[in-house]
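Working notes, structure below.
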Amino acid sequence: MLTKTHPLVIWGMYIPVIIYMLYYSHDHHGFSPLRITLTFIGALLFWTFFEYIAHRFLYHWVSENPRVQKFVYTMHGNHHHYPRDKQRLFLPPVPSIIMASAIFSLMYLVMGTNVFMFFPGFILGYLLYGSMHYAIHAWNPPFKWMKPLWRNHHLHHYKDENKGYGVSTTIWDRVFGTMFDLKKEKEDKEKVKDLMFKS
């Protein structure tokens with residue numbers, strides 16, 4: 001059960017944190033609305049890079065160490081084994097709070113009080129990533145321009161786990177050469193169906 005949670009629980013946890021930190025950064029630290037907005041947007045963009053690095057090097061970490069294997073499986077491997085499980089797309093509350101606290105502390109050490117503008121954007125990036133991941137496993141792409149994102153992730157599941165690490169964007173897959181060549185890849189509709197949530 002410590003690997004499962006409903007997405008709305010995590011949204012409910014972090015939206016108040018996001019709102020309060022943005023308010024606190026202006027009211028307590030006196031940062032201007034423009035600076036808060038630009039830092040917040042910058043953090044959202046930074047999330048996409050962090051997402052790629054974490055997915056590629058942490059979630060698919062290869063090790064002979066049983067403890068590392070268990071950690072990697074709990075963090076992400078279970079999603080590959082149970083892609084239809086809607087409750088395995090966000091970290092559950094307890095590990096989520098622990099990890100968020102550790103990341104916030106590291107960010108505070110690096111950027112000081114700027115973290116109160118940056119961390120909310122980073123966390124919103126995480127929430128959007130999780131929601132996008134949910135959408136990719138739940139529905140067909142709502143717009144034609146989004147289909148490459150859907151296919152890139154589907155192929156990551158059923159074709160090659162060493163490509164297609166981007167979930168909320170394919171930018172970093174393109175930059176680092178891990179993007180599938182979608183023109184050459186034939187879509188396996190049966191395997192895609194196996195990845196989609198049951199209604």
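In the structure tokens, chains take letters A, B, ... by order of appearance, with residues numbered from 1 within each chain and ligands from 1 in the order shown.
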With a cut-off of 12 Å, could you pull out the residues of segment 76-153 of chain A touching segment 44-62 of chain A and give me the nearest pair of atoms for each, distance in Å to one decimal, using only C-alpha atoms, ordered by chain and ascending number, as JSON lines?
{"residue": "A:His76", "atom": "CA", "partner": "A:Tyr59", "partner_atom": "CA", "distance": 5.5}
{"residue": "A:Gly77", "atom": "CA", "partner": "A:Tyr59", "partner_atom": "CA", "distance": 7.5}
{"residue": "A:Asn78", "atom": "CA", "partner": "A:Tyr59", "partner_atom": "CA", "distance": 10.6}
{"residue": "A:His79", "atom": "CA", "partner": "A:Tyr59", "partner_atom": "CA", "distance": 10.4}
{"residue": "A:His80", "atom": "CA", "partner": "A:His60", "partner_atom": "CA", "distance": 10.6}
{"residue": "A:Ile103", "atom": "CA", "partner": "A:Phe50", "partner_atom": "CA", "distance": 11.4}
{"residue": "A:Met117", "atom": "CA", "partner": "A:Leu44", "partner_atom": "CA", "distance": 10.9}
{"residue": "A:Phe118", "atom": "CA", "partner": "A:Leu44", "partner_atom": "CA", "distance": 8.4}
{"residue": "A:Phe119", "atom": "CA", "partner": "A:Leu44", "partner_atom": "CA", "distance": 9.1}
{"residue": "A:Pro120", "atom": "CA", "partner": "A:Leu44", "partner_atom": "CA", "distance": 8.6}
{"residue": "A:Gly121", "atom": "CA", "partner": "A:Leu44", "partner_atom": "CA", "distance": 4.9}
{"residue": "A:Phe122", "atom": "CA", "partner": "A:Leu44", "partner_atom": "CA", "distance": 5.2}
{"residue": "A:Ile123", "atom": "CA", "partner": "A:Leu44", "partner_atom": "CA", "distance": 8.0}
{"residue": "A:Leu124", "atom": "CA", "partner": "A:Leu44", "partner_atom": "CA", "distance": 6.9}
{"residue": "A:Gly125", "atom": "CA", "partner": "A:Leu44", "partner_atom": "CA", "distance": 5.0}
{"residue": "A:Tyr126", "atom": "CA", "partner": "A:Trp47", "partner_atom": "CA", "distance": 6.9}
{"residue": "A:Leu127", "atom": "CA", "partner": "A:Trp47", "partner_atom": "CA", "distance": 10.3}
{"residue": "A:Leu128", "atom": "CA", "partner": "A:Leu44", "partner_atom": "CA", "distance": 9.4}
{"residue": "A:Tyr129", "atom": "CA", "partner": "A:Glu51", "partner_atom": "CA", "distance": 8.2}
{"residue": "A:Gly130", "atom": "CA", "partner": "A:Glu51", "partner_atom": "CA", "distance": 10.4}
{"residue": "A:His133", "atom": "CA", "partner": "A:Glu51", "partner_atom": "CA", "distance": 11.8}
{"residue": "A:His153", "atom": "CA", "partner": "A:His55", "partner_atom": "CA", "distance": 11.7}
Long-range neighbours of Arg84 of chain A as a ChimeraX atom specification, 7 Å cut-off, only C-alpha atoms, 6 positions minimum in chain: /A:195-198
With all heavy atoms retained, could you export that selection as an mmCIF file, in the first residue's frame?
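In the end it all went to out11.cif:
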data_model
loop_
_atom_site.group_PDB
_atom_site.id
_atom_site.type_symbol
_atom_site.label_atom_id
_atom_site.label_comp_id
_atom_site.auth_asym_id
_atom_site.auth_seq_id
_atom_site.Cartn_x
_atom_site.Cartn_y
_atom_site.Cartn_z
ATOM 1 N N LEU A 195 -1.506 -1.064 -21.985
ATOM 2 C CA LEU A 195 -0.976 -0.018 -21.112
ATOM 3 C C LEU A 195 -2.055 0.919 -20.577
ATOM 4 O O LEU A 195 -1.809 1.701 -19.670
ATOM 5 C CB LEU A 195 0.065 0.823 -21.861
ATOM 6 C CG LEU A 195 1.313 0.099 -22.381
ATOM 7 C CD1 LEU A 195 2.138 1.047 -23.229
ATOM 8 C CD2 LEU A 195 2.137 -0.455 -21.226
ATOM 9 N N MET A 196 -3.235 0.842 -21.186
ATOM 10 C CA MET A 196 -4.293 1.805 -20.862
ATOM 11 C C MET A 196 -5.122 1.314 -19.687
ATOM 12 O O MET A 196 -5.365 0.120 -19.522
ATOM 13 C CB MET A 196 -5.195 2.036 -22.072
ATOM 14 C CG MET A 196 -4.439 2.453 -23.319
ATOM 15 S SD MET A 196 -3.436 3.941 -23.127
ATOM 16 C CE MET A 196 -4.685 5.198 -23.366
ATOM 17 N N PHE A 197 -5.570 2.277 -18.865
ATOM 18 C CA PHE A 197 -6.387 1.939 -17.696
ATOM 19 C C PHE A 197 -7.686 1.266 -18.126
ATOM 20 O O PHE A 197 -8.254 1.614 -19.155
ATOM 21 C CB PHE A 197 -6.741 3.189 -16.889
ATOM 22 C CG PHE A 197 -5.549 3.908 -16.319
ATOM 23 C CD1 PHE A 197 -5.579 5.281 -16.167
ATOM 24 C CD2 PHE A 197 -4.410 3.224 -15.926
ATOM 25 C CE1 PHE A 197 -4.494 5.958 -15.629
ATOM 26 C CE2 PHE A 197 -3.327 3.892 -15.391
ATOM 27 C CZ PHE A 197 -3.378 5.268 -15.248
ATOM 28 N N LYS A 198 -8.127 0.343 -17.301
ATOM 29 C CA LYS A 198 -9.418 -0.285 -17.576
ATOM 30 C C LYS A 198 -10.519 0.684 -17.155
ATOM 31 O O LYS A 198 -10.410 1.360 -16.140
ATOM 32 C CB LYS A 198 -9.558 -1.590 -16.775
ATOM 33 C CG LYS A 198 -8.594 -2.671 -17.218
ATOM 34 C CD LYS A 198 -8.752 -3.908 -16.359
ATOM 35 C CE LYS A 198 -7.770 -5.002 -16.781
ATOM 36 N NZ LYS A 198 -7.872 -6.199 -15.936
#
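Proximity of A:Val110, A:Leu34, A:Val94, A:Ala102 to Met13 of chain A, computed with only C-alpha atoms, is greatest for A:Val94.
Shell of Ile136 of chain A at 12 Å, with only C-alpha atoms counted and residues fewer than 6 places along the chain excluded, is Pro83, Arg84, Lys86, Leu89, Tyr129, Gly130, Pro142, Met146, Lys147, Pro148, Leu149, Trp150, Arg151, Asn152, His153, His154, Leu155, His157, Gly166, Val167, Ser168, Thr169, Val192, Lys193, Leu195, Met196 and Phe197 of chain A.
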I need the residues of chain A that end up classed as alpha helix (DSSP H) by DSSP on the backbone, written out as a PDB file with C-alpha atoms, in the first residue's frame.
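And here's result.pdb as it stands now:
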ATOM      1  CA  PRO A   7      -3.671  11.494  -7.723  1.00  0.00           C
ATOM      2  CA  LEU A   8      -6.175  13.889  -6.122  1.00  0.00           C
ATOM      3  CA  VAL A   9      -4.676  13.201  -2.684  1.00  0.00           C
ATOM      4  CA  ILE A  10      -1.300  14.535  -3.838  1.00  0.00           C
ATOM      5  CA  TRP A  11      -2.859  17.561  -5.564  1.00  0.00           C
ATOM      6  CA  GLY A  12      -4.749  18.261  -2.337  1.00  0.00           C
ATOM      7  CA  MET A  13      -1.529  18.060  -0.322  1.00  0.00           C
ATOM      8  CA  TYR A  14       0.576  20.385  -2.448  1.00  0.00           C
ATOM      9  CA  ILE A  15      -1.771  23.071  -3.785  1.00  0.00           C
ATOM     10  CA  PRO A  16      -1.987  24.748  -0.328  1.00  0.00           C
ATOM     11  CA  VAL A  17       1.833  24.561  -0.046  1.00  0.00           C
ATOM     12  CA  ILE A  18       2.253  26.178  -3.471  1.00  0.00           C
ATOM     13  CA  ILE A  19      -0.191  28.996  -2.691  1.00  0.00           C
ATOM     14  CA  TYR A  20       1.246  29.674   0.765  1.00  0.00           C
ATOM     15  CA  MET A  21       4.887  29.733  -0.393  1.00  0.00           C
ATOM     16  CA  LEU A  22       4.113  32.161  -3.214  1.00  0.00           C
ATOM     17  CA  TYR A  23       2.224  34.390  -0.766  1.00  0.00           C
ATOM     18  CA  TYR A  24       5.044  34.081   1.801  1.00  0.00           C
ATOM     19  CA  SER A  25       7.716  34.984  -0.765  1.00  0.00           C
ATOM     20  CA  HIS A  26       5.932  38.293  -1.442  1.00  0.00           C
ATOM     21  CA  ASP A  27       4.508  39.106   1.982  1.00  0.00           C
ATOM     22  CA  PRO A  33       5.205  39.840  -8.401  1.00  0.00           C
ATOM     23  CA  LEU A  34       7.288  39.906 -11.616  1.00  0.00           C
ATOM     24  CA  ARG A  35      10.263  38.224  -9.969  1.00  0.00           C
ATOM     25  CA  ILE A  36       7.992  35.644  -8.343  1.00  0.00           C
ATOM     26  CA  THR A  37       6.320  34.907 -11.688  1.00  0.00           C
ATOM     27  CA  LEU A  38       9.587  34.564 -13.622  1.00  0.00           C
ATOM     28  CA  THR A  39      11.179  32.365 -10.950  1.00  0.00           C
ATOM     29  CA  PHE A  40       8.044  30.235 -10.747  1.00  0.00           C
ATOM     30  CA  ILE A  41       8.011  29.712 -14.549  1.00  0.00           C
ATOM     31  CA  GLY A  42      11.750  28.976 -14.522  1.00  0.00           C
ATOM     32  CA  ALA A  43      11.168  26.299 -11.898  1.00  0.00           C
ATOM     33  CA  LEU A  44       8.425  24.730 -14.014  1.00  0.00           C
ATOM     34  CA  LEU A  45      10.881  24.485 -16.906  1.00  0.00           C
ATOM     35  CA  PHE A  46      13.598  23.135 -14.614  1.00  0.00           C
ATOM     36  CA  TRP A  47      11.199  20.402 -13.511  1.00  0.00           C
ATOM     37  CA  THR A  48      11.117  18.978 -17.047  1.00  0.00           C
ATOM     38  CA  PHE A  49      14.913  18.534 -16.948  1.00  0.00           C
ATOM     39  CA  PHE A  50      14.797  17.048 -13.442  1.00  0.00           C
ATOM     40  CA  GLU A  51      12.017  14.682 -14.563  1.00  0.00           C
ATOM     41  CA  TYR A  52      14.148  13.407 -17.443  1.00  0.00           C
ATOM     42  CA  ILE A  53      17.287  12.930 -15.301  1.00  0.00           C
ATOM     43  CA  PRO A  66      19.235  -6.100  -3.669  1.00  0.00           C
ATOM     44  CA  ARG A  67      18.397  -2.984  -1.626  1.00  0.00           C
ATOM     45  CA  VAL A  68      18.912  -0.730  -4.638  1.00  0.00           C
ATOM     46  CA  GLN A  69      16.841  -3.107  -6.774  1.00  0.00           C
ATOM     47  CA  LYS A  70      14.008  -3.009  -4.228  1.00  0.00           C
ATOM     48  CA  PHE A  71      14.178   0.799  -4.036  1.00  0.00           C
ATOM     49  CA  VAL A  72      14.085   1.154  -7.837  1.00  0.00           C
ATOM     50  CA  ASN A  78       6.098  -1.590 -10.203  1.00  0.00           C
ATOM     51  CA  HIS A  79       4.574   0.866 -12.686  1.00  0.00           C
ATOM     52  CA  HIS A  80       6.201  -1.033 -15.546  1.00  0.00           C
ATOM     53  CA  HIS A  81       4.759  -4.281 -14.189  1.00  0.00           C
ATOM     54  CA  PRO A  93       1.888  10.918   0.930  1.00  0.00           C
ATOM     55  CA  VAL A  94       4.575   9.737   3.377  1.00  0.00           C
ATOM     56  CA  PRO A  95       7.462   9.108   0.920  1.00  0.00           C
ATOM     57  CA  SER A  96       6.317  12.137  -1.075  1.00  0.00           C
ATOM     58  CA  ILE A  97       6.615  14.439   1.950  1.00  0.00           C
ATOM     59  CA  ILE A  98      10.020  12.961   2.866  1.00  0.00           C
ATOM     60  CA  MET A  99      11.371  13.421  -0.667  1.00  0.00           C
ATOM     61  CA  ALA A 100       9.840  16.894  -1.084  1.00  0.00           C
ATOM     62  CA  SER A 101      11.333  17.978   2.259  1.00  0.00           C
ATOM     63  CA  ALA A 102      14.782  16.722   1.235  1.00  0.00           C
ATOM     64  CA  ILE A 103      14.582  18.503  -2.149  1.00  0.00           C
ATOM     65  CA  PHE A 104      13.321  21.709  -0.508  1.00  0.00           C
ATOM     66  CA  SER A 105      16.213  21.596   2.001  1.00  0.00           C
ATOM     67  CA  LEU A 106      18.804  21.143  -0.767  1.00  0.00           C
ATOM     68  CA  MET A 107      17.259  23.971  -2.770  1.00  0.00           C
ATOM     69  CA  TYR A 108      17.263  26.211   0.302  1.00  0.00           C
ATOM     70  CA  LEU A 109      20.980  25.551   0.821  1.00  0.00           C
ATOM     71  CA  VAL A 110      21.669  26.502  -2.817  1.00  0.00           C
ATOM     72  CA  MET A 111      19.311  29.444  -3.359  1.00  0.00           C
ATOM     73  CA  VAL A 115      13.378  28.766  -2.786  1.00  0.00           C
ATOM     74  CA  PHE A 116       9.987  30.114  -1.685  1.00  0.00           C
ATOM     75  CA  MET A 117       9.378  31.244  -5.287  1.00  0.00           C
ATOM     76  CA  PHE A 118      11.180  28.340  -6.981  1.00  0.00           C
ATOM     77  CA  PHE A 119       9.902  25.327  -5.053  1.00  0.00           C
ATOM     78  CA  PRO A 120       6.201  26.001  -5.805  1.00  0.00           C
ATOM     79  CA  GLY A 121       6.908  25.977  -9.560  1.00  0.00           C
ATOM     80  CA  PHE A 122       8.962  22.800  -9.196  1.00  0.00           C
ATOM     81  CA  ILE A 123       6.161  21.068  -7.295  1.00  0.00           C
ATOM     82  CA  LEU A 124       3.532  22.229  -9.796  1.00  0.00           C
ATOM     83  CA  GLY A 125       5.763  20.725 -12.499  1.00  0.00           C
ATOM     84  CA  TYR A 126       5.636  17.439 -10.603  1.00  0.00           C
ATOM     85  CA  LEU A 127       1.848  17.599 -10.315  1.00  0.00           C
ATOM     86  CA  LEU A 128       1.471  18.357 -14.030  1.00  0.00           C
ATOM     87  CA  TYR A 129       3.887  15.556 -14.896  1.00  0.00           C
ATOM     88  CA  GLY A 130       1.877  13.065 -12.834  1.00  0.00           C
ATOM     89  CA  SER A 131      -1.358  14.250 -14.396  1.00  0.00           C
ATOM     90  CA  MET A 132       0.116  14.016 -17.902  1.00  0.00           C
ATOM     91  CA  HIS A 133       1.312  10.507 -17.102  1.00  0.00           C
ATOM     92  CA  TYR A 134      -2.208   9.663 -15.963  1.00  0.00           C
ATOM     93  CA  ALA A 135      -3.664  11.082 -19.198  1.00  0.00           C
ATOM     94  CA  ILE A 136      -1.228   9.106 -21.371  1.00  0.00           C
ATOM     95  CA  HIS A 137      -2.373   5.871 -19.720  1.00  0.00           C
ATOM     96  CA  ALA A 138      -6.054   6.820 -19.605  1.00  0.00           C
ATOM     97  CA  LYS A 147       0.500  12.204 -30.242  1.00  0.00           C
ATOM     98  CA  PRO A 148       4.353  12.056 -30.362  1.00  0.00           C
ATOM     99  CA  LEU A 149       4.418  12.482 -26.570  1.00  0.00           C
ATOM    100  CA  TRP A 150       1.918   9.652 -26.117  1.00  0.00           C
ATOM    101  CA  ARG A 151       3.756   7.345 -28.538  1.00  0.00           C
ATOM    102  CA  ASN A 152       7.171   8.112 -27.038  1.00  0.00           C
ATOM    103  CA  HIS A 153       5.946   6.971 -23.622  1.00  0.00           C
ATOM    104  CA  HIS A 154       4.063   3.937 -24.922  1.00  0.00           C
ATOM    105  CA  LEU A 155       7.192   2.785 -26.777  1.00  0.00           C
ATOM    106  CA  HIS A 156       9.215   3.291 -23.573  1.00  0.00           C
ATOM    107  CA  HIS A 157       6.914   0.737 -21.938  1.00  0.00           C
ATOM    108  CA  TYR A 158       6.667  -1.943 -24.574  1.00  0.00           C
ATOM    109  CA  ILE A 171      12.419  18.082 -25.388  1.00  0.00           C
ATOM    110  CA  TRP A 172      15.124  16.369 -23.329  1.00  0.00           C
ATOM    111  CA  ASP A 173      14.780  13.073 -25.199  1.00  0.00           C
ATOM    112  CA  ARG A 174      15.494  15.036 -28.375  1.00  0.00           C
ATOM    113  CA  VAL A 175      18.415  16.897 -26.776  1.00  0.00           C
ATOM    114  CA  PHE A 176      20.072  13.765 -25.352  1.00  0.00           C
ATOM    115  CA  LYS A 189      -2.222  -1.165 -30.908  1.00  0.00           C
ATOM    116  CA  GLU A 190      -2.616  -4.323 -28.821  1.00  0.00           C
ATOM    117  CA  LYS A 191       0.384  -3.486 -26.651  1.00  0.00           C
ATOM    118  CA  VAL A 192      -0.813   0.113 -26.294  1.00  0.00           C
ATOM    119  CA  LYS A 193      -4.190  -1.224 -25.194  1.00  0.00           C
ATOM    120  CA  ASP A 194      -2.450  -3.263 -22.490  1.00  0.00           C
ATOM    121  CA  LEU A 195      -0.976  -0.018 -21.112  1.00  0.00           C
TER     122      LEU A 195
END
Between atom CA of Met179 of chain A and atom CA of Tyr165 of chain A lies a distance of 8.1 Å
